[in-house]
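In what follows, a single structure is set out as structure tokens and then discussed.
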Amino acid sequence: MPAFTVRSLDKIYPGAPPVRALSNISFSVEEGEFIVLLGPSGCGKSTLLEILAGLQQPSGGSVLFRDRPIIGPGGELGVVFQDASLYPWRTVAANVGLGLELRGVDKVQARRLVEEQLSLVGLDGFGGKFPHQISGGMKQRAGIARALVNDPDVILMDEPFGAVDYVTRNKLQEDLIRIWQQRRKTIVFVTHDVGEAVFLADRIVLLSPRPGRIAEIVTLDLLRPRRRGDIELLQREARIYEALRALEPTATVA
Ligand SMILES: Nc1ncnc2c1ncn2[C@@H]1O[C@H](COP(=O)(O)OP(=O)(O)OP(=O)(O)O)[C@@H](O)[C@H]1O
């Protein structure tokens, strides 16, 4: 049974005029897969991710999580946004442990789980800091730890590394792959960065400009760990750039 089954999905934001964000999207996400949603700005990637998270309702079609309708984030679904959105008045550890606190997990156990997650994302010793005392990359790590601490099977990530510098971004990508492999999670990851998509994905769902339609689903049957600069990786990247360029002249504007 797939983790997600998306069938003939449409999304129209009401308004004058209404905005058709997604049109006739169908694909599935297998358990344990790393799926990247890739496409130009405004093609509906975030909308699609939010629908998978249960934060938005589709206008048509259906989305199932393990054959059931999606209820919302929490439990089996963890979400990480571009802006780590940490509470500034809580320490890093208190931010990461928020979900445990809300669930009433025993304090000693919660502290142990938070420390474990901080260590997994490379934030050992930073639990006592406040968000303004740590770097952008560290905030993203804390955001990932906050999602992981609840041990969700699936992590939905919306351009989580979009706001950090190139070197930090590369490191975060490598660490995410390590965590994904160690913890056997299913990940759906939004980006508009082709290099990032090719480095991370098992499959890339390539969306056309708005309204987002599936242009192509690219399978990346490349060995892991992948090495940046590897010729095969670069060739795949070049092919995807070509596919994106080919989409532009026929773009439909709703
Ligand atoms: N709440 C909303 N109301 C009306 N239109 C919206 C709303 N949210 C998004 N849109 C529109 O829907 C389209 C898709 O937006 P979305 O944010 O999903 O795209 P995206 O591919 O994630 O873009 P980006 O890469 O720039 O973040 C855009 O044209 C956007 O302006």
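Each chain in the structure tokens gets a letter, A, B, ..., in the order shown, and its residues are numbered from 1; ligands are numbered from 1 in order too.
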
Residues near range 188-195 of chain A, anyone? I mean within 9 Å using only C-alpha atoms, not counting same-chain ones fewer than 5 positions away, as JSON, numbers by chain. {"A": [29, 33, 34, 35, 36, 37, 38, 39, 40, 41, 45, 46, 49, 154, 155, 156, 157, 158, 159, 160, 161, 162, 200, 201, 228, 233, 234, 237, 238, 240, 241]}

Residues of the last selection are to be written out with C-alpha atoms, as a short mmCIF file (atom, residue, chain, number, x, y, z; two decimals), in the first residue's frame.
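result.cif was written with the following content:
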data_model
loop_
_atom_site.label_atom_id
_atom_site.label_comp_id
_atom_site.auth_asym_id
_atom_site.auth_seq_id
_atom_site.Cartn_x
_atom_site.Cartn_y
_atom_site.Cartn_z
CA VAL A 29 4.40 7.98 -2.85
CA GLU A 33 10.60 6.84 -0.68
CA PHE A 34 12.27 10.23 -1.01
CA ILE A 35 10.03 12.21 -3.34
CA VAL A 36 10.87 15.72 -4.50
CA LEU A 37 8.22 18.09 -5.86
CA LEU A 38 10.07 20.34 -8.31
CA GLY A 39 8.85 23.19 -10.45
CA PRO A 40 9.05 26.93 -11.12
CA SER A 41 7.90 29.53 -8.62
CA LYS A 45 4.36 22.96 -4.97
CA SER A 46 3.52 24.37 -1.53
CA LEU A 49 2.45 19.73 0.04
CA VAL A 154 6.40 10.66 6.95
CA ILE A 155 8.09 14.05 6.84
CA LEU A 156 6.74 16.76 4.53
CA MET A 157 9.28 19.52 3.90
CA ASP A 158 8.61 22.83 2.13
CA GLU A 159 11.88 24.34 0.86
CA PRO A 160 13.47 23.75 4.26
CA PHE A 161 16.95 24.82 3.12
CA GLY A 162 15.88 27.72 0.89
CA LEU A 200 18.12 14.01 -2.81
CA ALA A 201 15.35 12.27 -4.71
CA ARG A 228 28.23 16.20 -6.07
CA LEU A 233 24.24 13.47 -11.52
CA LEU A 234 25.18 16.44 -13.70
CA GLU A 237 20.44 17.75 -13.80
CA ALA A 238 20.98 19.01 -17.36
CA ILE A 240 15.75 18.27 -16.00
CA TYR A 241 16.78 21.86 -16.82
#

Within 6 Å of ligand 1, which residues show up when you count only C-alpha atoms and all ligand atoms? List them as JSON, numbers by chain, please. {"A": [13, 19, 21, 41, 42, 43, 44, 45, 46, 47]}

What's the separation between CA of Leu48 in chain A and CA of Val121 in chain A, in Å to one decimal place?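 Computing it gives 26.5 Å between the two atoms.
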
9 Å contact set for Ser23 in chain A, only C-alpha atoms, chain neighbours under 4 positions out, as a list in words: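 Contacts, in chain order: Ser8, Leu9, Asp10, Lys11, Ile12, Arg210, Pro211, Gly212, Arg213 and Ile214 of chain A.
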
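With distances restricted to only C-alpha atoms, A:Val79 is the closest residue to Asp151 in chain A from A:Ile71, A:Leu176, A:Leu207, A:Val79.
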
Write out as a JSON list (two decimals) with C-alpha atoms, in the first residue's frame which residues come within 9 Å of Leu113 in chain A when counting only C-alpha atoms, dropping same-chain ones fewer than 3 positions away.
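The file below, out.json, is the result:
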[["chain", "number", "residue", "atom", "x", "y", "z"],
["A", 97, "GLY", "CA", 10.08, 19.16, 22.76],
["A", 100, "LEU", "CA", 6.00, 15.86, 23.44],
["A", 108, "VAL", "CA", 12.42, 12.70, 31.94],
["A", 109, "GLN", "CA", 11.57, 10.68, 28.86],
["A", 110, "ALA", "CA", 10.88, 13.88, 26.89],
["A", 116, "GLU", "CA", 18.58, 12.23, 21.09],
["A", 117, "GLN", "CA", 17.03, 14.27, 18.27],
["A", 118, "LEU", "CA", 19.33, 17.25, 18.85],
["A", 149, "VAL", "CA", 10.95, 13.96, 17.91],
["A", 150, "ASN", "CA", 7.39, 12.74, 17.42]]

Ranking A:Ala53, A:Val6, A:Leu120, A:Ala94 by minimum distance to Ile177 in chain A and counting only C-alpha atoms, which one comes first?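 Closest residue, counting only C-alpha atoms: A:Leu120.
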
When you draw a straight line from CA of Thr168 in chain A to CA of Glu232 in chain A, how long is it in Å?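 CA of Thr168 in chain A sits 23.5 Å away from CA of Glu232 in chain A.
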
Take CA of Leu223 in chain A and CA of Gly122 in chain A and report the distance between them in Å, one decimal.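 Answer for the CA of Leu223 in chain A to CA of Gly122 in chain A separation: 24.9 Å.
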